[in-house]
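Structure file my_file_13.cif; described as mmCIF, C-alpha atoms and all ligand atoms.
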```
data_protein
loop_
_atom_site.label_atom_id
_atom_site.label_comp_id
_atom_site.auth_asym_id
_atom_site.auth_seq_id
_atom_site.Cartn_x
_atom_site.Cartn_y
_atom_site.Cartn_z
CA MET A 1 0.00 0.00 0.00
CA LYS A 2 1.30 3.47 -0.93
CA LEU A 3 1.69 5.74 2.10
CA PHE A 4 2.28 8.93 0.10
CA ASN A 5 1.64 10.24 -3.39
CA LYS A 6 4.52 12.65 -4.11
CA VAL A 7 7.61 12.66 -1.87
CA GLY A 8 10.15 15.49 -2.14
CA ILE A 9 13.69 14.84 -0.92
CA VAL A 10 16.11 17.72 -0.47
CA GLY A 11 19.71 16.43 -0.48
CA VAL A 12 19.92 13.22 -2.47
CA GLY A 13 23.13 12.02 -0.78
CA LEU A 14 23.86 9.01 1.40
CA ILE A 15 20.78 9.29 3.63
CA GLY A 16 18.39 11.10 1.24
CA GLY A 17 19.37 8.75 -1.61
CA SER A 18 18.97 5.68 0.63
CA ILE A 19 15.49 6.81 1.73
CA ALA A 20 14.56 7.30 -1.94
CA LEU A 21 15.81 3.82 -2.89
CA ALA A 22 14.04 2.25 0.10
CA LEU A 23 10.75 4.05 -0.69
CA LYS A 24 10.98 2.70 -4.25
CA LYS A 25 11.88 -0.82 -3.14
CA HIS A 26 8.92 -1.02 -0.77
CA LYS A 27 6.60 0.84 -3.22
CA LEU A 28 5.61 3.34 -0.54
CA CYS A 29 4.93 6.31 -2.82
CA GLN A 30 3.93 7.19 -6.37
CA THR A 31 6.62 9.70 -7.32
CA ILE A 32 9.90 10.95 -5.82
CA ILE A 33 11.10 14.48 -6.56
CA GLY A 34 14.78 15.06 -5.74
CA VAL A 35 16.36 18.45 -5.13
CA SER A 36 20.11 18.68 -4.72
CA ARG A 37 22.95 21.15 -5.13
CA SER A 38 24.71 19.53 -8.06
CA ARG A 39 23.43 18.30 -11.43
CA LYS A 40 25.83 15.37 -11.16
CA THR A 41 24.09 14.06 -8.00
CA LEU A 42 20.67 14.43 -9.62
CA LEU A 43 21.79 12.56 -12.74
CA SER A 44 23.27 9.74 -10.59
CA ALA A 45 20.07 9.56 -8.52
CA LYS A 46 18.02 9.29 -11.71
CA ALA A 47 20.37 6.70 -13.19
CA ARG A 48 19.97 4.61 -10.00
CA LYS A 49 16.17 5.05 -10.28
CA ALA A 50 16.12 6.63 -6.80
CA ILE A 51 14.16 9.66 -8.06
CA ASP A 52 11.65 10.23 -10.87
CA ARG A 53 12.32 13.94 -11.32
CA GLY A 54 15.21 16.09 -10.17
CA SER A 55 16.07 19.76 -10.00
CA GLN A 56 18.47 22.21 -8.39
CA ASP A 57 15.45 24.49 -7.95
CA ILE A 58 13.37 24.08 -4.77
CA LYS A 59 10.23 25.19 -6.68
CA LEU A 60 9.81 21.60 -7.84
CA LEU A 61 8.86 20.73 -4.22
CA ARG A 62 5.53 22.56 -4.43
CA GLU A 63 3.70 19.34 -5.36
CA ALA A 64 5.04 17.19 -2.50
CA ASP A 65 2.77 15.57 0.13
CA LEU A 66 5.80 14.55 2.17
CA LEU A 67 9.02 16.53 2.27
CA ILE A 68 12.24 15.00 3.64
CA LEU A 69 15.15 17.35 4.39
CA ALA A 70 18.40 15.36 4.14
CA THR A 71 21.07 18.05 3.75
CA PRO A 72 23.88 19.09 6.15
CA ILE A 73 22.38 20.75 9.26
CA THR A 74 23.34 24.35 8.37
CA VAL A 75 21.83 23.87 4.89
CA THR A 76 18.59 22.47 6.38
CA LEU A 77 18.35 25.51 8.69
CA LYS A 78 19.06 27.92 5.81
CA LEU A 79 16.73 26.40 3.22
CA SER A 80 13.72 25.78 5.51
CA PRO A 81 12.31 29.34 5.53
CA LEU A 82 12.51 29.43 1.69
CA ILE A 83 10.96 25.97 1.32
CA SER A 84 8.11 26.84 3.71
CA LYS A 85 6.93 29.50 1.25
CA ILE A 86 6.68 26.97 -1.58
CA ILE A 87 5.17 23.75 -0.23
CA LYS A 88 1.45 23.10 -0.29
CA LYS A 89 -0.73 23.32 2.79
CA GLY A 90 -0.83 20.05 4.75
CA CYS A 91 2.50 18.78 3.38
CA ILE A 92 4.24 16.74 6.09
CA VAL A 93 7.81 17.95 6.61
CA THR A 94 10.50 15.88 8.27
CA ASP A 95 14.30 15.96 8.53
CA VAL A 96 17.05 13.44 9.28
CA ALA A 97 19.61 15.69 10.98
CA SER A 98 21.99 13.98 13.41
CA THR A 99 21.38 16.60 16.11
CA LYS A 100 17.86 17.63 17.00
CA GLU A 101 17.41 20.40 19.60
CA GLN A 102 18.36 23.37 17.39
CA VAL A 103 16.84 21.89 14.20
CA VAL A 104 13.54 20.83 15.82
CA SER A 105 13.10 24.14 17.59
CA LYS A 106 13.58 26.10 14.33
CA LEU A 107 11.68 23.80 11.93
CA ASP A 108 8.78 23.37 14.37
CA SER A 109 8.30 27.14 14.31
CA ILE A 110 8.60 27.40 10.52
CA PHE A 111 6.47 24.50 9.23
CA GLY A 112 2.83 23.84 10.14
CA ASN A 113 3.12 20.05 9.94
CA TYR A 114 6.63 18.98 11.00
CA ILE A 115 8.29 16.11 12.87
CA GLY A 116 12.02 15.54 13.41
CA THR A 117 13.65 12.16 12.92
CA HIS A 118 17.14 10.70 13.20
CA PRO A 119 17.73 7.36 11.49
CA LEU A 120 20.65 5.63 13.23
CA ALA A 121 21.99 4.23 10.00
CA GLY A 122 24.58 5.23 7.43
CA SER A 123 28.34 5.41 7.60
CA GLU A 124 31.41 7.61 7.17
CA LYS A 125 30.82 7.59 3.38
CA ARG A 126 29.00 10.41 1.63
CA GLY A 127 26.96 10.84 -1.53
CA ILE A 128 24.42 8.96 -3.62
CA ALA A 129 27.10 6.50 -4.81
CA PHE A 130 27.06 4.87 -1.34
CA ALA A 131 23.26 4.97 -0.86
CA GLY A 132 21.45 1.65 -0.47
CA ALA A 133 17.81 0.56 -0.21
CA ASP A 134 18.51 -1.71 2.78
CA ILE A 135 20.51 0.49 5.16
CA PHE A 136 17.50 1.08 7.46
CA GLU A 137 16.65 -2.64 7.87
CA ASN A 138 17.05 -3.58 11.56
CA SER A 139 18.16 -0.06 12.44
CA ILE A 140 16.67 2.35 14.98
CA CYS A 141 14.93 5.56 13.94
CA ILE A 142 14.48 8.19 16.66
CA LEU A 143 11.41 10.43 16.37
CA THR A 144 11.42 13.77 18.20
CA PRO A 145 7.84 15.13 18.21
CA THR A 146 7.02 18.28 20.18
CA GLY A 147 3.82 19.48 21.85
CA ASN A 148 2.87 21.00 18.45
CA THR A 149 3.20 17.80 16.44
CA ASN A 150 -0.01 16.51 14.91
CA PRO A 151 -0.70 12.94 16.24
CA GLN A 152 -1.63 11.83 12.69
CA THR A 153 1.75 13.06 11.45
CA ILE A 154 3.51 11.06 14.18
CA ALA A 155 1.52 7.96 13.16
CA ARG A 156 2.28 8.36 9.43
CA ILE A 157 6.00 8.96 9.92
CA LYS A 158 6.17 6.01 12.35
CA GLN A 159 4.49 3.89 9.70
CA LEU A 160 6.98 5.07 7.07
CA TRP A 161 10.05 4.13 9.13
CA LEU A 162 8.53 0.81 10.23
CA ARG A 163 7.96 -0.06 6.54
CA LEU A 164 11.61 0.83 5.83
CA GLY A 165 12.60 -1.79 8.44
CA ALA A 166 13.47 0.44 11.39
CA GLU A 167 12.51 0.13 15.05
CA ILE A 168 11.02 3.39 16.38
CA VAL A 169 12.15 5.18 19.54
CA VAL A 170 10.45 8.43 20.55
CA LEU A 171 12.55 10.96 22.50
CA PRO A 172 12.43 14.67 23.31
CA ALA A 173 15.00 16.51 21.15
CA ASP A 174 17.12 17.64 24.12
CA MET A 175 17.36 14.09 25.49
CA HIS A 176 18.26 12.84 21.99
CA ASP A 177 21.16 15.29 21.85
CA ARG A 178 22.45 14.41 25.35
CA ILE A 179 22.44 10.69 24.56
CA LEU A 180 23.87 10.99 21.02
CA ALA A 181 26.67 13.23 22.31
CA LEU A 182 27.93 10.21 24.26
CA LEU A 183 27.08 7.45 21.78
CA SER A 184 28.14 9.05 18.52
CA HIS A 185 29.61 12.56 18.79
CA LEU A 186 32.17 11.74 21.52
CA PRO A 187 33.50 8.68 19.61
CA HIS A 188 33.96 10.89 16.53
CA ALA A 189 35.70 13.59 18.61
CA VAL A 190 37.98 10.92 20.13
CA ALA A 191 38.83 9.40 16.72
CA PHE A 192 39.68 12.82 15.20
CA SER A 193 41.81 13.80 18.23
CA LEU A 194 43.49 10.41 18.36
CA MET A 195 44.66 10.74 14.74
CA ASN A 196 45.85 14.28 15.42
CA SER A 197 47.87 12.97 18.42
CA ILE A 198 49.99 10.71 16.23
CA PRO A 199 52.88 12.18 14.22
CA ARG A 200 52.68 11.50 10.47
CA SER A 201 56.20 10.06 10.56
CA CYS A 202 54.99 7.07 12.68
CA LEU A 203 52.02 6.18 10.52
CA LYS A 204 53.77 3.81 8.15
CA LEU A 205 53.95 1.33 11.06
CA ALA A 206 50.23 1.70 11.93
CA PRO A 207 48.70 -1.63 13.05
CA PRO A 208 45.11 -2.72 12.12
CA SER A 209 43.89 -1.66 15.60
CA LEU A 210 44.60 2.00 14.78
CA LYS A 211 42.70 1.68 11.51
CA ASP A 212 39.75 0.03 13.36
CA THR A 213 39.50 2.77 15.98
CA THR A 214 39.82 5.66 13.53
CA ARG A 215 37.71 4.50 10.56
CA ILE A 216 35.17 7.25 11.23
CA THR A 217 37.73 10.05 10.68
CA ALA A 218 36.91 9.52 6.97
CA SER A 219 33.54 11.20 7.71
CA ASP A 220 32.67 14.37 5.83
CA SER A 221 34.10 17.43 7.62
CA ARG A 222 31.19 19.67 6.54
CA ILE A 223 28.58 17.27 7.95
CA TRP A 224 30.59 16.75 11.16
CA SER A 225 31.50 20.37 11.88
CA ASP A 226 27.73 21.05 11.70
CA ILE A 227 27.04 18.19 14.13
CA PHE A 228 29.74 19.31 16.59
CA LEU A 229 28.69 22.97 16.58
CA SER A 230 24.96 22.31 16.82
CA ASN A 231 25.43 20.07 19.89
CA LYS A 232 28.49 21.70 21.41
CA ARG A 233 27.18 22.01 24.98
CA ASN A 234 26.51 18.27 25.29
CA ILE A 235 29.68 17.31 23.42
CA ILE A 236 31.83 19.49 25.70
CA ARG A 237 30.19 17.78 28.70
CA SER A 238 30.88 14.35 27.18
CA ILE A 239 34.53 15.27 26.51
CA GLY A 240 34.76 16.16 30.23
CA ILE A 241 33.47 12.70 31.21
CA TYR A 242 35.97 11.09 28.84
CA GLN A 243 38.82 13.23 30.17
CA SER A 244 38.04 12.00 33.73
CA GLU A 245 38.12 8.39 32.48
CA LEU A 246 41.48 8.96 30.76
CA GLN A 247 42.77 10.69 33.89
CA HIS A 248 41.70 7.66 35.95
CA LEU A 249 43.60 5.37 33.58
CA LYS A 250 46.64 7.68 33.69
CA LYS A 251 46.67 7.69 37.51
CA THR A 252 46.30 3.90 37.59
CA LEU A 253 49.38 3.61 35.34
CA GLN A 254 51.30 6.15 37.43
CA LYS A 255 50.60 4.01 40.52
CA GLY A 256 51.47 0.84 38.60
CA ASP A 257 48.27 -0.70 40.05
CA ARG A 258 47.86 -3.87 37.97
CA ARG A 259 44.71 -5.09 39.80
CA LEU A 260 42.87 -1.82 39.19
CA LEU A 261 44.12 -1.70 35.60
CA ILE A 262 42.75 -5.20 34.92
CA ARG A 263 39.42 -4.20 36.50
CA LEU A 264 39.19 -1.14 34.20
CA LEU A 265 39.96 -3.18 31.09
CA GLU A 266 37.57 -6.00 32.05
CA GLU A 267 34.74 -3.54 32.72
CA ALA A 268 35.14 -2.00 29.25
CA LYS A 269 35.42 -5.43 27.63
CA LYS A 270 32.15 -6.62 29.24
CA LYS A 271 30.31 -3.48 28.14
CA ARG A 272 31.61 -3.86 24.57
CA GLU A 273 30.69 -7.58 24.48
CA ALA A 274 27.13 -6.71 25.47
CA LEU A 275 26.91 -4.56 22.32
CA GLY A 276 27.40 -7.67 20.17
P1 LIG B 1 25.71 13.55 2.05
O1 LIG B 1 25.86 12.18 1.54
O2 LIG B 1 26.83 14.52 1.88
O3 LIG B 1 24.39 14.19 1.42
C1 LIG B 1 24.05 15.52 1.62
C2 LIG B 1 23.30 15.99 0.40
O4 LIG B 1 22.93 17.34 0.63
C3 LIG B 1 24.13 15.94 -0.87
O5 LIG B 1 23.42 15.22 -1.84
C4 LIG B 1 24.27 17.42 -1.27
O6 LIG B 1 24.11 17.65 -2.64
C5 LIG B 1 23.05 18.03 -0.61
N1 LIG B 1 23.25 19.46 -0.43
C6 LIG B 1 24.26 20.10 0.17
N2 LIG B 1 24.07 21.44 0.12
C7 LIG B 1 22.90 21.62 -0.54
C8 LIG B 1 22.16 22.76 -0.92
N3 LIG B 1 22.57 24.00 -0.62
N4 LIG B 1 20.99 22.57 -1.59
C9 LIG B 1 20.54 21.34 -1.90
N5 LIG B 1 21.22 20.21 -1.57
C10 LIG B 1 22.36 20.37 -0.90
O7 LIG B 1 25.38 13.54 3.62
P2 LIG B 1 24.51 12.53 4.48
O8 LIG B 1 25.45 11.65 5.22
O9 LIG B 1 23.45 11.96 3.64
O10 LIG B 1 23.91 13.54 5.56
C11 LIG B 1 22.72 14.27 5.32
C12 LIG B 1 22.04 14.54 6.66
O11 LIG B 1 21.77 13.29 7.29
C13 LIG B 1 22.90 15.34 7.62
O12 LIG B 1 22.09 16.27 8.28
C14 LIG B 1 23.40 14.28 8.62
O13 LIG B 1 23.60 14.84 9.90
C15 LIG B 1 22.25 13.29 8.62
N6 LIG B 1 22.59 11.90 8.94
C16 LIG B 1 23.71 11.32 8.45
C17 LIG B 1 23.98 9.99 8.77
C18 LIG B 1 25.21 9.29 8.23
O14 LIG B 1 25.57 8.23 8.74
N7 LIG B 1 25.85 9.80 7.22
C19 LIG B 1 23.10 9.26 9.58
C20 LIG B 1 21.93 9.88 10.04
C21 LIG B 1 21.69 11.21 9.72
P3 LIG B 1 25.18 17.40 -3.78
O15 LIG B 1 25.53 15.93 -3.72
O16 LIG B 1 24.40 17.75 -4.98
O17 LIG B 1 26.34 18.27 -3.48
#
```

Take the structure in the file and write it out as C-alpha cells.
Ligand code: NAP
Amino acid sequence: MKLFNKVGIVGVGLIGGSIALALKKHKLCQTIIGVSRSRKTLLSAKARKAIDRGSQDIKLLREADLLILATPITVTLKLSPLISKIIKKGCIVTDVASTKEQVVSKLDSIFGNYIGTHPLAGSEKRGIAFAGADIFENSICILTPTGNTNPQTIARIKQLWLRLGAEIVVLPADMHDRILALLSHLPHAVAFSLMNSIPRSCLKLAPPSLKDTTRITASDSRIWSDIFLSNKRNIIRSIGIYQSELQHLKKTLQKGDRRLLIRLLEEAKKKREALG
C-alpha cells in the first residue's frame, strides 16, 4: 500500500538517496522528486532510479505531500524558511539531521506540519554513490515530536520508518542530543583527536587496531562540523566525562596498580561484548 503520493527529498546524498531507494523498493509512494545542489548528483540519482524527477530548484517541491530534508544541518536551517513559502498546505515535513534540539526548535516554528527524525543508519561515506535501499533494515529511527506535532503526522512517519525496516524510539529533542553526544559525537571527537595525536612520521607502522579505531575520521568534515557545533554544549560535557576516564587510567598507570588496571579493562570489555 502506498503511504504517500509525491515525496520530495532535499539532499539526495547518502541518507536522502537511501530513503529514496528504500521508498521505491517497498513501493511506498507514487513519485519521488529530488532536489540537490549539483546536477551530477541528480543525474546519478536518476540513473539509480532513486528519483523520478530532479532539480536544483526548490520550486519543484511545491507538489510534495511529504518533504524529507536530508542536507547538512546548516543547509537544512538555511533552506527551511525558503521551502516553507513553496510547499502546499498540509504537506508533512521531516528531517534526518543527526542533532535535534536546534533543528527541531527552528523547523517546528517554521512548518505547520513537521516532525524531526534521526535514522541511526549510514556510515562515514557520503553521496548517492554509497546509498542503499537496505541500510535502514534492523536499524533504529528516533522520532522527536514536540507538543505542536499533529498525532496523525507522528503515526504516518512512524508507519513510514517501520515499513523501511526500522525500530522506532520516541525521545524529546534535548534528550536525543544528550544521549547521542555520548554514543556518537564523543567517539567521533575521540577518533579525530586520536589521529591528530599521532605524528605522520609514525604512521607507516600503523597496526590494524589504529585503523579500526579511527575508521570514522573519513567522515565528511562539513557534515561533522555542523554536528559538533549544533550540539556543542553536550559534546563538551561528554569530553569532560571522557577526560576524567582517561585521567583515571593515567593515575592507575602512574601508581602501577595492575589489579585496578585489569578491572578497568575487564569492565570495558564486558560493556563492549554486550553490544554484540
Ligand atoms: P551527504 O551524503 O553529503 O548528502 C548531503 C546531500 O545534501 C548531498 O546530496 C548534497 O548535494 C546536498 N546538499 C548540500 N548542500 C545543498 C544545498 N545547498 N541545496 C541542496 N542540496 C544540498 O550527507 P549525508 O550523510 O546523507 O547527511 C545528510 C544529513 O543526514 C545530515 O544532516 C546528517 O547529519 C544526517 N545523517 C547522516 C547519517 C550518516 O551516517 N551519514 C546518519 C543519520 C543522519 P550534492 O551531492 O548535490 O552536493

Would you pick out the contacts of Gly17 of chain A at 8 Å or less, using all atoms listed in the file, so that residues sharing its chain but fewer than 3 positions from it are not included, and give the list as a PyMOL selection string? chain A and resi 11-14+20-21+45+50+127-128+131-132

Suppose we keep C-alpha atoms; can you now write the selection as an mmCIF file, in the coordinates of the input?
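So the final result, stored in selection_9.cif, reads:
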```
data_model
loop_
_atom_site.group_PDB
_atom_site.id
_atom_site.type_symbol
_atom_site.label_atom_id
_atom_site.label_comp_id
_atom_site.auth_asym_id
_atom_site.auth_seq_id
_atom_site.Cartn_x
_atom_site.Cartn_y
_atom_site.Cartn_z
ATOM 1 C CA GLY A 11 19.710 16.430 -0.480
ATOM 2 C CA VAL A 12 19.920 13.220 -2.470
ATOM 3 C CA GLY A 13 23.130 12.020 -0.780
ATOM 4 C CA LEU A 14 23.860 9.010 1.400
ATOM 5 C CA ALA A 20 14.560 7.300 -1.940
ATOM 6 C CA LEU A 21 15.810 3.820 -2.890
ATOM 7 C CA ALA A 45 20.070 9.560 -8.520
ATOM 8 C CA ALA A 50 16.120 6.630 -6.800
ATOM 9 C CA GLY A 127 26.960 10.840 -1.530
ATOM 10 C CA ILE A 128 24.420 8.960 -3.620
ATOM 11 C CA ALA A 131 23.260 4.970 -0.860
ATOM 12 C CA GLY A 132 21.450 1.650 -0.470
#
```

Identify, counting all atoms listed in the file, the protein, DNA and RNA residues located within 9 Å of ligand LIG 1 (chain B), and give them as an mmCIF file with C-alpha atoms, keeping the file's coordinate frame.
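File produced: part24.cif:
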```
data_model
loop_
_atom_site.group_PDB
_atom_site.id
_atom_site.type_symbol
_atom_site.label_atom_id
_atom_site.label_comp_id
_atom_site.auth_asym_id
_atom_site.auth_seq_id
_atom_site.Cartn_x
_atom_site.Cartn_y
_atom_site.Cartn_z
ATOM 1 C CA VAL A 10 16.110 17.720 -0.470
ATOM 2 C CA GLY A 11 19.710 16.430 -0.480
ATOM 3 C CA VAL A 12 19.920 13.220 -2.470
ATOM 4 C CA GLY A 13 23.130 12.020 -0.780
ATOM 5 C CA LEU A 14 23.860 9.010 1.400
ATOM 6 C CA ILE A 15 20.780 9.290 3.630
ATOM 7 C CA GLY A 16 18.390 11.100 1.240
ATOM 8 C CA GLY A 17 19.370 8.750 -1.610
ATOM 9 C CA SER A 18 18.970 5.680 0.630
ATOM 10 C CA VAL A 35 16.360 18.450 -5.130
ATOM 11 C CA SER A 36 20.110 18.680 -4.720
ATOM 12 C CA ARG A 37 22.950 21.150 -5.130
ATOM 13 C CA SER A 38 24.710 19.530 -8.060
ATOM 14 C CA ARG A 39 23.430 18.300 -11.430
ATOM 15 C CA LYS A 40 25.830 15.370 -11.160
ATOM 16 C CA THR A 41 24.090 14.060 -8.000
ATOM 17 C CA LEU A 42 20.670 14.430 -9.620
ATOM 18 C CA GLN A 56 18.470 22.210 -8.390
ATOM 19 C CA ASP A 57 15.450 24.490 -7.950
ATOM 20 C CA ILE A 58 13.370 24.080 -4.770
ATOM 21 C CA LEU A 69 15.150 17.350 4.390
ATOM 22 C CA ALA A 70 18.400 15.360 4.140
ATOM 23 C CA THR A 71 21.070 18.050 3.750
ATOM 24 C CA PRO A 72 23.880 19.090 6.150
ATOM 25 C CA ILE A 73 22.380 20.750 9.260
ATOM 26 C CA THR A 74 23.340 24.350 8.370
ATOM 27 C CA VAL A 75 21.830 23.870 4.890
ATOM 28 C CA THR A 76 18.590 22.470 6.380
ATOM 29 C CA LYS A 78 19.060 27.920 5.810
ATOM 30 C CA LEU A 79 16.730 26.400 3.220
ATOM 31 C CA ASP A 95 14.300 15.960 8.530
ATOM 32 C CA VAL A 96 17.050 13.440 9.280
ATOM 33 C CA ALA A 97 19.610 15.690 10.980
ATOM 34 C CA SER A 98 21.990 13.980 13.410
ATOM 35 C CA THR A 99 21.380 16.600 16.110
ATOM 36 C CA THR A 117 13.650 12.160 12.920
ATOM 37 C CA HIS A 118 17.140 10.700 13.200
ATOM 38 C CA PRO A 119 17.730 7.360 11.490
ATOM 39 C CA LEU A 120 20.650 5.630 13.230
ATOM 40 C CA ALA A 121 21.990 4.230 10.000
ATOM 41 C CA GLY A 122 24.580 5.230 7.430
ATOM 42 C CA SER A 123 28.340 5.410 7.600
ATOM 43 C CA GLU A 124 31.410 7.610 7.170
ATOM 44 C CA LYS A 125 30.820 7.590 3.380
ATOM 45 C CA ARG A 126 29.000 10.410 1.630
ATOM 46 C CA GLY A 127 26.960 10.840 -1.530
ATOM 47 C CA ILE A 128 24.420 8.960 -3.620
ATOM 48 C CA ALA A 129 27.100 6.500 -4.810
ATOM 49 C CA PHE A 130 27.060 4.870 -1.340
ATOM 50 C CA ALA A 131 23.260 4.970 -0.860
ATOM 51 C CA SER A 219 33.540 11.200 7.710
ATOM 52 C CA ASP A 220 32.670 14.370 5.830
ATOM 53 C CA ARG A 222 31.190 19.670 6.540
ATOM 54 C CA ILE A 223 28.580 17.270 7.950
ATOM 55 C CA TRP A 224 30.590 16.750 11.160
ATOM 56 C CA ASP A 226 27.730 21.050 11.700
ATOM 57 C CA ILE A 227 27.040 18.190 14.130
#
```

Residues near Thr31 of chain A, anyone? I mean within 9 Å using all atoms listed in the file, not counting same-chain ones fewer than 4 positions away, as a tab-separated table (two decimals) with C-alpha atoms, keeping the file's coordinate frame.
```
chain	number	residue	atom	x	y	z
A	4	PHE	CA	2.28	8.93	0.10
A	5	ASN	CA	1.64	10.24	-3.39
A	6	LYS	CA	4.52	12.65	-4.11
A	7	VAL	CA	7.61	12.66	-1.87
A	8	GLY	CA	10.15	15.49	-2.14
A	24	LYS	CA	10.98	2.70	-4.25
A	51	ILE	CA	14.16	9.66	-8.06
A	52	ASP	CA	11.65	10.23	-10.87
A	53	ARG	CA	12.32	13.94	-11.32
```

Gap from atom CA of Ala166 of chain A to atom CA of Pro81 of chain A - Å, one decimal: 29.5 Å

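Of the residues listed (A:Lys106, A:Lys251, A:Arg62, A:His26), A:Arg62 shows the shortest atom-to-atom separation from Lys89 of chain A; distances use all atoms listed in the file.
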
Correct to one decimal, the distance atom CA of Val93 of chain A-atom CA of Ala181 of chain A is 25.0 Å

Would you list the contacts of Arg163 of chain A as a ChimeraX atom specification, taking every protein, DNA or RNA residue within 12 Å and counting all atoms listed in the file, but skipping same-chain residues closer than 3 positions in sequence? /A:1-3,19,22-29,133-134,136-139,141,156-160,166-168

Okay, now the selection with C-alpha atoms, as an mmCIF file, in the coordinates of the input?
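Writing done, so here's part.cif:
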```
data_model
loop_
_atom_site.group_PDB
_atom_site.id
_atom_site.type_symbol
_atom_site.label_atom_id
_atom_site.label_comp_id
_atom_site.auth_asym_id
_atom_site.auth_seq_id
_atom_site.Cartn_x
_atom_site.Cartn_y
_atom_site.Cartn_z
ATOM 1 C CA MET A 1 0.000 0.000 0.000
ATOM 2 C CA LYS A 2 1.300 3.470 -0.930
ATOM 3 C CA LEU A 3 1.690 5.740 2.100
ATOM 4 C CA ILE A 19 15.490 6.810 1.730
ATOM 5 C CA ALA A 22 14.040 2.250 0.100
ATOM 6 C CA LEU A 23 10.750 4.050 -0.690
ATOM 7 C CA LYS A 24 10.980 2.700 -4.250
ATOM 8 C CA LYS A 25 11.880 -0.820 -3.140
ATOM 9 C CA HIS A 26 8.920 -1.020 -0.770
ATOM 10 C CA LYS A 27 6.600 0.840 -3.220
ATOM 11 C CA LEU A 28 5.610 3.340 -0.540
ATOM 12 C CA CYS A 29 4.930 6.310 -2.820
ATOM 13 C CA ALA A 133 17.810 0.560 -0.210
ATOM 14 C CA ASP A 134 18.510 -1.710 2.780
ATOM 15 C CA PHE A 136 17.500 1.080 7.460
ATOM 16 C CA GLU A 137 16.650 -2.640 7.870
ATOM 17 C CA ASN A 138 17.050 -3.580 11.560
ATOM 18 C CA SER A 139 18.160 -0.060 12.440
ATOM 19 C CA CYS A 141 14.930 5.560 13.940
ATOM 20 C CA ARG A 156 2.280 8.360 9.430
ATOM 21 C CA ILE A 157 6.000 8.960 9.920
ATOM 22 C CA LYS A 158 6.170 6.010 12.350
ATOM 23 C CA GLN A 159 4.490 3.890 9.700
ATOM 24 C CA LEU A 160 6.980 5.070 7.070
ATOM 25 C CA ALA A 166 13.470 0.440 11.390
ATOM 26 C CA GLU A 167 12.510 0.130 15.050
ATOM 27 C CA ILE A 168 11.020 3.390 16.380
#
```

Nearest residue to Ser105 of chain A from the set A:Thr217, A:Thr144, A:Ser209, A:Ser84 (distances using all atoms listed in the file):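 Among the listed residues, the smallest separation from Ser105 of chain A belongs to A:Thr144.
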
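The list of residues with at least one atom within 9 Å of segment 233-250 of chain A, based on all atoms listed in the file and without residues fewer than 3 positions apart in the same chain, reads Asp177, Arg178, Ile179, Leu180, Ala181, Leu182, His185, Leu186, Ala189, Val190, Phe228, Leu229, Ser230, Leu253, Gln254, Lys255, Leu261 and Leu264 of chain A.
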
Would you work out the distance separating atom CA of Ile32 of chain A from atom CA of Ala47 of chain A, expressed in Å to one decimal?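 Between atom CA of Ile32 of chain A and atom CA of Ala47 of chain A the gap is 13.5 Å.
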